[in-house]
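See below for protein.cif, which holds mmCIF, C-alpha atoms.
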data_my_file
#
loop_
_atom_site.group_PDB
_atom_site.id
_atom_site.type_symbol
_atom_site.label_atom_id
_atom_site.label_comp_id
_atom_site.auth_asym_id
_atom_site.auth_seq_id
_atom_site.Cartn_x
_atom_site.Cartn_y
_atom_site.Cartn_z
ATOM 1 C CA MET G 1 -4.805 -15.157 13.916
ATOM 2 C CA LYS G 2 -5.806 -16.454 17.326
ATOM 3 C CA LEU G 3 -2.161 -16.873 18.327
ATOM 4 C CA ALA G 4 -1.315 -13.346 17.178
ATOM 5 C CA LYS G 5 -4.300 -11.976 19.051
ATOM 6 C CA LEU G 6 -3.270 -13.834 22.202
ATOM 7 C CA LEU G 7 0.313 -12.593 21.945
ATOM 8 C CA SER G 8 -0.905 -9.049 21.365
ATOM 9 C CA ARG G 9 -3.191 -9.286 24.389
ATOM 10 C CA ASP G 10 -0.329 -10.701 26.471
ATOM 11 C CA ALA G 11 1.908 -7.804 25.487
ATOM 12 C CA THR G 12 -0.806 -5.363 26.540
ATOM 13 C CA LEU G 13 -1.192 -7.158 29.847
ATOM 14 C CA ASN G 14 2.545 -6.928 30.431
ATOM 15 C CA ARG G 15 2.270 -3.154 30.369
ATOM 16 C CA VAL G 16 -0.630 -3.211 32.849
ATOM 17 C CA VAL G 17 0.621 -5.998 35.140
ATOM 18 C CA PRO G 18 4.413 -6.450 35.072
ATOM 19 C CA PRO G 19 5.289 -10.130 34.498
ATOM 20 C CA SER G 20 8.059 -10.080 37.107
ATOM 21 C CA GLY G 21 8.690 -8.603 40.511
ATOM 22 C CA PHE G 22 7.817 -9.338 44.109
ATOM 23 C CA THR G 23 4.140 -10.109 43.518
ATOM 24 C CA ALA G 24 4.935 -12.494 40.679
ATOM 25 C CA ILE G 25 7.457 -14.406 42.789
ATOM 26 C CA LEU G 26 5.089 -14.448 45.785
ATOM 27 C CA THR G 27 2.210 -15.814 43.727
ATOM 28 C CA ILE G 28 4.228 -18.521 41.963
ATOM 29 C CA VAL G 29 6.138 -19.684 45.043
ATOM 30 C CA SER G 30 3.122 -19.691 47.367
ATOM 31 C CA SER G 31 0.997 -21.556 44.808
ATOM 32 C CA GLY G 32 3.764 -24.113 44.337
ATOM 33 C CA VAL G 33 4.205 -24.697 48.062
ATOM 34 C CA MET G 34 0.460 -24.968 48.647
ATOM 35 C CA ALA G 35 0.118 -27.405 45.733
ATOM 36 C CA PHE G 36 2.960 -29.509 47.127
ATOM 37 C CA LEU G 37 1.231 -29.670 50.522
ATOM 38 C CA ALA G 38 -2.113 -30.385 48.844
ATOM 39 C CA ILE G 39 -0.657 -33.439 47.086
ATOM 40 C CA PHE G 40 0.510 -34.879 50.399
ATOM 41 C CA THR G 41 -2.836 -34.091 52.014
ATOM 42 C CA ILE G 42 -4.769 -35.778 49.209
ATOM 43 C CA ALA G 43 -2.503 -38.825 49.447
ATOM 44 C CA MET G 44 -3.062 -38.958 53.213
ATOM 45 C CA ALA G 45 -6.842 -38.668 52.861
ATOM 46 C CA LEU G 46 -6.977 -41.390 50.197
ATOM 47 C CA ALA G 47 -4.706 -43.636 52.259
ATOM 48 C CA ALA G 48 -6.948 -43.146 55.297
ATOM 49 C CA GLY G 49 -9.992 -44.114 53.256
ATOM 50 C CA ASP G 50 -8.263 -47.221 51.879
ATOM 51 C CA LEU G 51 -7.027 -48.111 55.363
ATOM 52 C CA ALA G 52 -10.538 -47.873 56.802
ATOM 53 C CA SER G 53 -11.913 -50.072 54.023
ATOM 54 C CA ASN G 54 -9.155 -52.655 54.491
ATOM 55 C CA TRP G 55 -9.603 -52.779 58.261
ATOM 56 C CA GLU G 56 -13.351 -53.151 57.918
ATOM 57 C CA ALA G 57 -13.005 -55.901 55.312
ATOM 58 C CA GLU G 58 -10.316 -57.823 57.201
ATOM 59 C CA LEU G 59 -11.968 -57.678 60.620
ATOM 60 C CA ALA G 60 -15.575 -58.145 59.518
ATOM 61 C CA GLY G 61 -16.980 -61.543 60.400
ATOM 62 C CA THR G 62 -13.981 -62.626 62.473
ATOM 63 C CA ALA G 63 -13.478 -63.408 66.154
ATOM 64 C CA THR G 64 -10.959 -65.020 68.471
ATOM 65 C CA VAL G 65 -11.194 -67.369 71.405
ATOM 66 C CA ARG G 66 -8.382 -67.028 73.924
ATOM 67 C CA ILE G 67 -7.788 -69.967 76.248
ATOM 68 C CA THR G 68 -5.664 -69.644 79.372
ATOM 69 C CA ALA G 69 -5.064 -72.781 81.416
ATOM 70 C CA SER G 70 -2.344 -74.904 82.999
ATOM 71 C CA PRO G 71 -0.055 -76.782 80.583
ATOM 72 C CA ASP G 72 -1.499 -80.207 81.519
ATOM 73 C CA THR G 73 -5.123 -79.217 80.750
ATOM 74 C CA ILE G 74 -4.840 -76.635 77.996
ATOM 75 C CA ASP G 75 -4.783 -79.152 75.122
ATOM 76 C CA ALA G 76 -7.914 -80.905 76.373
ATOM 77 C CA GLN G 77 -9.707 -77.608 76.846
ATOM 78 C CA THR G 78 -8.678 -76.514 73.362
ATOM 79 C CA ASP G 79 -10.071 -79.697 71.815
ATOM 80 C CA GLY G 80 -13.333 -79.203 73.716
ATOM 81 C CA VAL G 81 -13.638 -75.594 72.548
ATOM 82 C CA LEU G 82 -12.937 -76.549 68.912
ATOM 83 C CA ALA G 83 -15.612 -79.260 69.101
ATOM 84 C CA ALA G 84 -18.102 -76.804 70.586
ATOM 85 C CA LEU G 85 -17.352 -74.211 67.908
ATOM 86 C CA ALA G 86 -17.762 -76.777 65.127
ATOM 87 C CA GLN G 87 -21.308 -77.488 66.369
ATOM 88 C CA THR G 88 -22.307 -73.836 66.847
ATOM 89 C CA PRO G 89 -24.632 -72.259 64.234
ATOM 90 C CA GLY G 90 -23.279 -68.999 62.880
ATOM 91 C CA ILE G 91 -19.632 -70.132 62.829
ATOM 92 C CA ILE G 92 -18.116 -71.031 59.474
ATOM 93 C CA SER G 93 -14.705 -72.237 60.618
ATOM 94 C CA ALA G 94 -12.440 -72.336 63.664
ATOM 95 C CA ARG G 95 -8.771 -73.247 63.832
ATOM 96 C CA ARG G 96 -6.021 -73.089 66.417
ATOM 97 C CA LEU G 97 -3.247 -70.644 65.619
ATOM 98 C CA GLU G 98 0.195 -72.143 65.452
ATOM 99 C CA LEU G 99 2.875 -70.875 67.797
ATOM 100 C CA THR G 100 4.747 -69.293 64.882
ATOM 101 C CA GLU G 101 1.617 -67.330 63.935
ATOM 102 C CA GLN G 102 1.272 -66.031 67.483
ATOM 103 C CA LEU G 103 4.906 -64.933 67.461
ATOM 104 C CA GLU G 104 4.292 -63.046 64.225
ATOM 105 C CA LEU G 105 1.418 -61.216 65.898
ATOM 106 C CA LEU G 106 3.659 -60.250 68.821
ATOM 107 C CA ALA G 107 6.667 -59.279 66.676
ATOM 108 C CA PRO G 108 5.586 -55.632 66.065
ATOM 109 C CA TRP G 109 5.583 -55.034 69.837
ATOM 110 C CA PHE G 110 8.279 -57.341 71.186
ATOM 111 C CA GLY G 111 10.389 -58.134 68.155
ATOM 112 C CA THR G 112 11.645 -61.597 67.311
ATOM 113 C CA GLY G 113 13.512 -64.101 69.426
ATOM 114 C CA LEU G 114 11.109 -64.243 72.381
ATOM 115 C CA PRO G 115 12.146 -66.681 75.149
ATOM 116 C CA LEU G 116 9.386 -69.247 74.653
ATOM 117 C CA ASP G 117 10.599 -71.415 77.488
ATOM 118 C CA GLN G 118 9.900 -68.561 79.896
ATOM 119 C CA LEU G 119 6.534 -67.546 78.437
ATOM 120 C CA SER G 120 3.165 -69.153 78.911
ATOM 121 C CA LEU G 121 1.275 -67.975 75.864
ATOM 122 C CA PRO G 122 -2.487 -68.577 75.735
ATOM 123 C CA VAL G 123 -3.996 -70.639 72.955
ATOM 124 C CA LEU G 124 -5.665 -68.548 70.262
ATOM 125 C CA ILE G 125 -8.432 -69.905 68.049
ATOM 126 C CA ASP G 126 -9.211 -67.953 64.895
ATOM 127 C CA ILE G 127 -12.928 -67.915 64.025
ATOM 128 C CA THR G 128 -14.804 -66.963 60.876
ATOM 129 C CA GLU G 129 -18.445 -66.064 61.463
ATOM 130 C CA THR G 130 -21.437 -65.885 59.178
ATOM 131 C CA GLU G 131 -23.070 -62.529 58.525
ATOM 132 C CA GLU G 132 -25.573 -63.130 61.334
ATOM 133 C CA GLY G 133 -22.952 -64.522 63.699
ATOM 134 C CA PRO G 134 -23.504 -66.963 66.564
ATOM 135 C CA ASP G 135 -25.656 -66.616 69.658
ATOM 136 C CA ARG G 136 -23.074 -64.934 71.871
ATOM 137 C CA THR G 137 -24.784 -65.678 75.185
ATOM 138 C CA GLY G 138 -25.281 -69.374 74.506
ATOM 139 C CA LEU G 139 -21.808 -69.750 73.004
ATOM 140 C CA GLU G 140 -20.084 -68.094 75.955
ATOM 141 C CA GLN G 141 -21.950 -70.351 78.366
ATOM 142 C CA ARG G 142 -20.863 -73.471 76.483
ATOM 143 C CA LEU G 143 -17.272 -72.247 76.230
ATOM 144 C CA ALA G 144 -17.239 -71.624 79.971
ATOM 145 C CA ALA G 145 -18.286 -75.240 80.490
ATOM 146 C CA GLU G 146 -15.605 -76.598 78.168
ATOM 147 C CA ALA G 147 -12.814 -74.229 79.218
ATOM 148 C CA PRO G 148 -13.291 -71.919 82.222
ATOM 149 C CA GLY G 149 -10.408 -69.766 81.011
ATOM 150 C CA ALA G 150 -11.801 -69.255 77.500
ATOM 151 C CA VAL G 151 -12.675 -65.724 76.382
ATOM 152 C CA TYR G 152 -14.636 -65.062 73.183
ATOM 153 C CA GLU G 153 -13.562 -61.780 71.583
ATOM 154 C CA SER G 154 -15.438 -60.356 68.619
ATOM 155 C CA HIS G 155 -13.284 -58.173 66.381
ATOM 156 C CA GLY G 156 -16.201 -55.804 65.943
ATOM 157 C CA ARG G 157 -15.275 -53.897 69.075
ATOM 158 C CA TRP G 158 -11.747 -53.438 67.694
ATOM 159 C CA ARG G 159 -12.941 -52.654 64.184
ATOM 160 C CA ALA G 160 -15.234 -49.762 65.091
ATOM 161 C CA PRO G 161 -12.597 -47.494 66.726
ATOM 162 C CA LEU G 162 -10.049 -48.292 64.009
ATOM 163 C CA VAL G 163 -12.477 -47.410 61.236
ATOM 164 C CA GLU G 164 -13.550 -44.314 63.149
ATOM 165 C CA ALA G 165 -9.928 -43.218 63.571
ATOM 166 C CA ALA G 166 -9.262 -43.678 59.864
ATOM 167 C CA GLY G 167 -12.418 -41.732 59.053
ATOM 168 C CA ARG G 168 -11.320 -38.880 61.306
ATOM 169 C CA LEU G 169 -7.920 -38.874 59.635
ATOM 170 C CA ARG G 170 -9.644 -38.557 56.282
ATOM 171 C CA GLY G 171 -11.783 -35.713 57.611
ATOM 172 C CA LEU G 172 -8.649 -34.055 58.934
ATOM 173 C CA GLY G 173 -7.173 -34.270 55.453
ATOM 174 C CA MET G 174 -10.214 -32.505 54.007
ATOM 175 C CA THR G 175 -9.852 -29.799 56.657
ATOM 176 C CA PHE G 176 -6.214 -29.335 55.685
ATOM 177 C CA LEU G 177 -7.215 -28.970 52.027
ATOM 178 C CA ILE G 178 -9.688 -26.243 52.944
ATOM 179 C CA LEU G 179 -7.032 -24.440 54.994
ATOM 180 C CA ILE G 180 -4.556 -24.732 52.107
ATOM 181 C CA ALA G 181 -7.129 -23.215 49.755
ATOM 182 C CA LEU G 182 -7.814 -20.365 52.203
ATOM 183 C CA VAL G 183 -4.111 -19.608 52.657
ATOM 184 C CA THR G 184 -3.629 -19.633 48.894
ATOM 185 C CA GLY G 185 -6.527 -17.242 48.431
ATOM 186 C CA VAL G 186 -5.259 -14.872 51.131
ATOM 187 C CA THR G 187 -1.723 -14.872 49.720
ATOM 188 C CA ILE G 188 -2.901 -14.142 46.202
ATOM 189 C CA THR G 189 -5.226 -11.446 47.519
ATOM 190 C CA LEU G 190 -2.286 -9.717 49.201
ATOM 191 C CA ALA G 191 -0.152 -10.060 46.079
ATOM 192 C CA ALA G 192 -2.900 -8.681 43.836
ATOM 193 C CA SER G 193 -3.575 -5.804 46.212
ATOM 194 C CA SER G 194 0.143 -4.964 46.280
ATOM 195 C CA ALA G 195 0.342 -5.075 42.488
ATOM 196 C CA LEU G 196 -2.664 -2.778 42.152
ATOM 197 C CA SER G 197 -1.152 -0.284 44.571
ATOM 198 C CA ALA G 198 2.217 -0.397 42.802
ATOM 199 C CA ASN G 199 0.558 0.203 39.440
ATOM 200 C CA ALA G 200 -1.929 2.835 40.594
ATOM 201 C CA GLN G 201 -0.541 5.479 38.230
ATOM 202 C CA VAL G 202 -0.712 3.097 35.269
ATOM 203 C CA VAL G 203 -4.314 2.311 36.119
ATOM 204 C CA ASP G 204 -5.141 6.023 36.356
ATOM 205 C CA VAL G 205 -3.661 6.631 32.889
ATOM 206 C CA LEU G 206 -5.603 3.699 31.458
ATOM 207 C CA ARG G 207 -8.793 5.152 32.863
ATOM 208 C CA LEU G 208 -8.012 8.532 31.321
ATOM 209 C CA VAL G 209 -7.608 6.986 27.869
ATOM 210 C CA GLY G 210 -10.935 5.185 28.196
ATOM 211 C CA ALA G 211 -10.044 1.764 29.608
ATOM 212 C CA LYS G 212 -12.944 0.203 31.483
ATOM 213 C CA ASP G 213 -12.551 -1.185 34.990
ATOM 214 C CA ASN G 214 -13.701 -4.596 33.749
ATOM 215 C CA TRP G 215 -10.834 -4.713 31.248
ATOM 216 C CA ILE G 216 -8.289 -3.649 33.867
ATOM 217 C CA THR G 217 -9.670 -6.240 36.285
ATOM 218 C CA SER G 218 -9.491 -8.973 33.633
ATOM 219 C CA ALA G 219 -5.855 -8.064 32.998
ATOM 220 C CA PHE G 220 -4.951 -8.647 36.638
ATOM 221 C CA VAL G 221 -7.125 -11.769 36.854
ATOM 222 C CA LEU G 222 -5.519 -13.373 33.821
ATOM 223 C CA ARG G 223 -1.986 -12.537 34.928
ATOM 224 C CA PHE G 224 -2.384 -13.839 38.505
ATOM 225 C CA THR G 225 -4.338 -16.890 37.363
ATOM 226 C CA LEU G 226 -1.535 -17.886 35.002
ATOM 227 C CA ARG G 227 1.044 -17.346 37.728
ATOM 228 C CA ALA G 228 -0.918 -19.495 40.177
ATOM 229 C CA ILE G 229 -1.374 -22.283 37.629
ATOM 230 C CA ILE G 230 2.325 -22.283 36.757
ATOM 231 C CA GLY G 231 3.371 -22.386 40.403
ATOM 232 C CA ALA G 232 0.765 -25.008 41.325
ATOM 233 C CA PHE G 233 1.738 -27.190 38.358
ATOM 234 C CA ALA G 234 5.385 -27.127 39.429
ATOM 235 C CA GLY G 235 4.417 -27.900 43.033
ATOM 236 C CA MET G 236 2.120 -30.692 41.853
ATOM 237 C CA ILE G 237 4.890 -32.327 39.813
ATOM 238 C CA LEU G 238 7.309 -32.149 42.746
ATOM 239 C CA GLY G 239 4.665 -33.477 45.131
ATOM 240 C CA VAL G 240 3.771 -36.420 42.876
ATOM 241 C CA ILE G 241 7.444 -37.353 42.485
ATOM 242 C CA THR G 242 7.968 -37.172 46.254
ATOM 243 C CA VAL G 243 4.885 -39.293 46.984
ATOM 244 C CA ALA G 244 5.970 -41.850 44.371
ATOM 245 C CA LEU G 245 9.371 -42.126 46.065
ATOM 246 C CA MET G 246 7.888 -42.662 49.536
ATOM 247 C CA PRO G 247 8.704 -46.104 51.010
ATOM 248 C CA GLY G 248 6.000 -48.721 50.687
ATOM 249 C CA GLY G 249 5.339 -52.247 51.824
ATOM 250 C CA VAL G 250 3.987 -53.871 54.964
ATOM 251 C CA GLU G 251 7.150 -53.073 56.911
ATOM 252 C CA THR G 252 6.360 -49.367 56.717
ATOM 253 C CA GLY G 253 3.211 -49.764 58.837
ATOM 254 C CA ILE G 254 0.595 -47.095 58.198
ATOM 255 C CA LEU G 255 2.696 -45.719 55.332
ATOM 256 C CA SER G 256 2.131 -48.964 53.430
ATOM 257 C CA GLY G 257 -1.026 -47.453 51.923
ATOM 258 C CA PHE G 258 0.336 -43.932 51.492
ATOM 259 C CA GLY G 259 0.290 -42.761 47.895
ATOM 260 C CA PHE G 260 -1.888 -43.061 44.825
ATOM 261 C CA GLN G 261 -3.210 -46.258 43.314
ATOM 262 C CA GLY G 262 -4.683 -46.693 39.850
ATOM 263 C CA ALA G 263 -7.134 -43.938 38.944
ATOM 264 C CA GLU G 264 -6.163 -42.043 42.111
ATOM 265 C CA TRP G 265 -3.194 -40.662 40.149
ATOM 266 C CA LEU G 266 -5.683 -38.409 38.349
ATOM 267 C CA TRP G 267 -6.461 -36.472 41.550
ATOM 268 C CA PRO G 268 -3.229 -34.394 41.478
ATOM 269 C CA LEU G 269 -4.202 -33.046 38.057
ATOM 270 C CA PHE G 270 -7.044 -31.114 39.676
ATOM 271 C CA VAL G 271 -4.672 -29.193 41.955
ATOM 272 C CA PRO G 272 -3.409 -26.632 39.355
ATOM 273 C CA PHE G 273 -6.958 -26.224 38.069
ATOM 274 C CA VAL G 274 -8.311 -25.487 41.563
ATOM 275 C CA ALA G 275 -5.377 -23.150 42.240
ATOM 276 C CA GLY G 276 -6.265 -21.229 39.076
ATOM 277 C CA LEU G 277 -9.900 -20.922 40.157
ATOM 278 C CA ILE G 278 -8.864 -19.668 43.596
ATOM 279 C CA ALA G 279 -6.459 -17.164 42.053
ATOM 280 C CA ALA G 280 -9.060 -15.940 39.576
ATOM 281 C CA ALA G 281 -11.702 -15.461 42.278
ATOM 282 C CA ALA G 282 -9.312 -13.804 44.746
ATOM 283 C CA THR G 283 -7.838 -11.459 42.141
ATOM 284 C CA TYR G 284 -11.208 -10.522 40.702
ATOM 285 C CA LEU G 285 -12.667 -9.639 44.097
ATOM 286 C CA THR G 286 -9.534 -7.710 45.084
ATOM 287 C CA ALA G 287 -9.241 -5.790 41.822
ATOM 288 C CA ALA G 288 -12.950 -4.992 41.629
ATOM 289 C CA ARG G 289 -13.017 -3.716 45.220
ATOM 290 C CA THR G 290 -9.809 -1.699 44.838
ATOM 291 C CA LEU G 291 -10.816 -0.085 41.564
ATOM 292 C CA ARG G 292 -14.234 0.786 42.979
ATOM 293 C CA THR G 293 -12.953 2.388 46.207
ATOM 294 C CA ALA G 294 -9.278 3.317 46.222
ATOM 295 C CA LEU G 295 -8.290 4.184 42.668
#
Mind turning the file's structure into structure tokens?
Amino acid sequence: MKLAKLLSRDATLNRVVPPSGFTAILTIVSSGVMAFLAIFTIAMALAAGDLASNWEAELAGTATVRITASPDTIDAQTDGVLAALAQTPGIISARRLELTEQLELLAPWFGTGLPLDQLSLPVLIDITETEEGPDRTGLEQRLAAEAPGAVYESHGRWRAPLVEAAGRLRGLGMTFLILIALVTGVTITLAASSALSANAQVVDVLRLVGAKDNWITSAFVLRFTLRAIIGAFAGMILGVITVALMPGGVETGILSGFGFQGAEWLWPLFVPFVAGLIAAAATYLTAARTLRTAL
């Protein structure tokens, strides 16, 4: 009975709002494109959030000592700095980076195969700090006594702008989602307004035979909502497939975190639902205003 009632209602709606035509194509295509863009925007926002968390976790509680000296004194200065760091409260561990590790750090900028015989690389000491950290003033004074060319660099000053940049990227993603929703609403509003104008005579006849404006409005709302959901679902599927096929891995740089992980794959399912809500609201406001003023 419910299925027959639904089919009967759908047939009635077909006579009020034609299931095909320019407005139908406009609604479905625009909803699909906006859903496709929304999937990429959501993936970007989630990746930015994960990137900020990873940067904060990796750089928190770490520091580096850079030692620059002549080749005949640099080893002695390095040993003195390591001894000083081992006796400093607030430092958990300190170790000298191997030359191969330094080359790996330089590879993203200079590539591999650097002429080591022509380079005078400084010694880098990787430090892990406690949550409180060391007394910076006292430590820098002792390092200056052990190695005049030693520079203590806390990763906190690098971490803050990186985390801030990732946060802004996430905020930019949210702004894009709002703009996508607004464009979707405007497009559906134009399509609904065009459909109402094209079917003005049908609406007049329905009013003459006793149809209420609420029923006519619900007919347009249901039709455009279904169109938006269908288009958004298709765009969502295409967007998810495209995101899943995006290259991953460390070699891709910032794209290494682009995509959905674990429960994040549930986020795309909300896109057709939100598109339907936007379509319903836009169509209802358009139909109600048009029926009240123009028709």
Legend entry - Given the PyMOL selection byres ((chain G and resi 132-148) around 12), the residues it picks as a PyMOL selection string: chain G and resi 60-63+65-70+73-93+123+127-131+149-156
Could you tell me which residues the PyMOL selection byres ((chain G and resi 287) around 9) grabs in this file, written as a CSV table (one decimal) with C-alpha atoms, in the coordinates of the input?
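Final output, out-v1.csv:
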chain,number,residue,atom,x,y,z
G,189,THR,CA,-5.2,-11.4,47.5
G,192,ALA,CA,-2.9,-8.7,43.8
G,193,SER,CA,-3.6,-5.8,46.2
G,196,LEU,CA,-2.7,-2.8,42.2
G,213,ASP,CA,-12.6,-1.2,35.0
G,216,ILE,CA,-8.3,-3.6,33.9
G,217,THR,CA,-9.7,-6.2,36.3
G,218,SER,CA,-9.5,-9.0,33.6
G,220,PHE,CA,-5.0,-8.6,36.6
G,221,VAL,CA,-7.1,-11.8,36.9
G,282,ALA,CA,-9.3,-13.8,44.7
G,283,THR,CA,-7.8,-11.5,42.1
G,284,TYR,CA,-11.2,-10.5,40.7
G,285,LEU,CA,-12.7,-9.6,44.1
G,286,THR,CA,-9.5,-7.7,45.1
G,288,ALA,CA,-13.0,-5.0,41.6
G,289,ARG,CA,-13.0,-3.7,45.2
G,290,THR,CA,-9.8,-1.7,44.8
G,291,LEU,CA,-10.8,-0.1,41.6
G,292,ARG,CA,-14.2,0.8,43.0
Inset, instruction - Mind checking which residues fall within 12 Å of G:Leu172, counting all atoms listed in the file, ignoring those fewer than 5 positions away in the same chain, and posting them as a list in words? - result: Thr41, Ile42, Met44, Ala45, Leu46, Ala48, Gly49, Ala165, Ala166, Gly167, Leu177, Ile178 and Leu179 of chain G
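Note that atom CA of G:Pro122 and atom CA of G:Pro71 are 9.8 Å apart.
Atom CA of G:Arg227 is found 9.5 Å from atom CA of G:Leu26.
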Inset, instruction - Kindly give the distance, in Å, that separates atom CA of G:Leu266 and atom CA of G:Ala24, rounded to a single decimal. - result: 28.1 Å
Inset, instruction - Find the residue from G:Leu124, G:Ala228, G:Val186, G:Leu208 that sits nearest to G:Ile25; use only C-alpha atoms when measuring. - result: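 Between G:Leu124, G:Ala228, G:Val186, G:Leu208, the residue approaching G:Ile25 most closely is G:Ala228.
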Please write out, as lines of an AutoDock Vina configuration file, where the centre of an axis-aligned box around all listed atoms of stretch 284-294 of chain G lies and how long its edges are, in Å to one decimal, after adding 5 Å on each side.
center_x = -11.7
center_y = -3.6
center_z = 43.5
size_x = 15.0
size_y = 23.8
size_z = 15.5
Inset, instruction - Quick one: everything within 10 Å of G:Leu238, counting only C-alpha atoms, minus sequence neighbours fewer than 2 positions away in the same chain. Send it as an MDAnalysis selection string. - result: chainID G and resid 32:33 35:36 39 232:236 240:244
On this structure, which residues satisfy the PyMOL selection byres ((chain G and resi 225) around 9), written as a compact mmCIF listing (two decimals) with C-alpha atoms, in the frame of the given file?
# COMPACT_ATOMS: atom_id res chain seq x y z
CA PHE G 220 -4.95 -8.65 36.64
CA VAL G 221 -7.12 -11.77 36.85
CA LEU G 222 -5.52 -13.37 33.82
CA ARG G 223 -1.99 -12.54 34.93
CA PHE G 224 -2.38 -13.84 38.51
CA LEU G 226 -1.54 -17.89 35.00
CA ARG G 227 1.04 -17.35 37.73
CA ALA G 228 -0.92 -19.50 40.18
CA ILE G 229 -1.37 -22.28 37.63
CA ILE G 230 2.33 -22.28 36.76
CA ALA G 275 -5.38 -23.15 42.24
CA GLY G 276 -6.26 -21.23 39.08
CA LEU G 277 -9.90 -20.92 40.16
CA ILE G 278 -8.86 -19.67 43.60
CA ALA G 279 -6.46 -17.16 42.05
CA ALA G 280 -9.06 -15.94 39.58
CA ALA G 281 -11.70 -15.46 42.28
CA THR G 283 -7.84 -11.46 42.14
Inset, instruction - For G:Ile125, work out the shell of residues within 7 Å, counting all atoms listed in the file and skipping chain neighbours fewer than 5 positions away, then give it as a PyMOL selection string. - result: chain G and resi 64-66+94-97
For the structure just given, write the atoms of stretch 40-90 of chain G, namely C-alpha atoms, as a CSV table (one decimal), in the first residue's frame.
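Saved to selection33.csv:
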chain,number,residue,atom,x,y,z
G,40,PHE,CA,38.1,17.1,-2.3
G,41,THR,CA,37.6,20.0,0.2
G,42,ILE,CA,36.7,17.7,3.0
G,43,ALA,CA,39.8,15.5,2.2
G,44,MET,CA,42.0,18.6,2.2
G,45,ALA,CA,40.6,19.9,5.5
G,46,LEU,CA,41.0,16.5,7.2
G,47,ALA,CA,44.6,16.2,5.8
G,48,ALA,CA,45.4,19.7,7.1
G,49,GLY,CA,44.2,18.7,10.6
G,50,ASP,CA,46.2,15.4,10.5
G,51,LEU,CA,49.2,17.3,9.2
G,52,ALA,CA,49.0,19.8,12.1
G,53,SER,CA,48.7,17.1,14.6
G,54,ASN,CA,51.7,15.2,13.2
G,55,TRP,CA,53.9,18.2,13.0
G,56,GLU,CA,53.0,19.2,16.6
G,57,ALA,CA,53.6,15.6,17.8
G,58,GLU,CA,56.9,15.2,15.9
G,59,LEU,CA,58.4,18.6,16.8
G,60,ALA,CA,57.2,18.8,20.4
G,61,GLY,CA,60.0,18.3,23.0
G,62,THR,CA,62.8,18.3,20.4
G,63,ALA,CA,65.7,20.7,19.7
G,64,THR,CA,68.9,20.8,17.8
G,65,VAL,CA,72.4,22.0,18.5
G,66,ARG,CA,74.4,23.1,15.4
G,67,ILE,CA,78.1,23.3,15.8
G,68,THR,CA,80.3,25.1,13.2
G,69,ALA,CA,84.1,25.0,13.7
G,70,SER,CA,87.3,24.2,11.9
G,71,PRO,CA,87.9,20.5,11.0
G,72,ASP,CA,90.7,20.1,13.6
G,73,THR,CA,88.6,21.3,16.5
G,74,ILE,CA,85.0,20.3,15.6
G,75,ASP,CA,85.3,16.8,17.1
G,76,ALA,CA,86.5,18.1,20.4
G,77,GLN,CA,83.9,20.7,20.6
G,78,THR,CA,81.2,18.1,19.7
G,79,ASP,CA,82.4,15.9,22.6
G,80,GLY,CA,82.3,18.8,25.0
G,81,VAL,CA,78.8,19.8,23.9
G,82,LEU,CA,77.5,16.2,24.3
G,83,ALA,CA,79.0,16.0,27.8
G,84,ALA,CA,77.4,19.3,28.7
G,85,LEU,CA,74.0,18.2,27.4
G,86,ALA,CA,74.2,14.8,29.3
G,87,GLN,CA,74.6,16.8,32.6
G,88,THR,CA,71.9,19.3,31.9
G,89,PRO,CA,68.5,18.9,33.7
G,90,GLY,CA,65.6,18.9,31.3
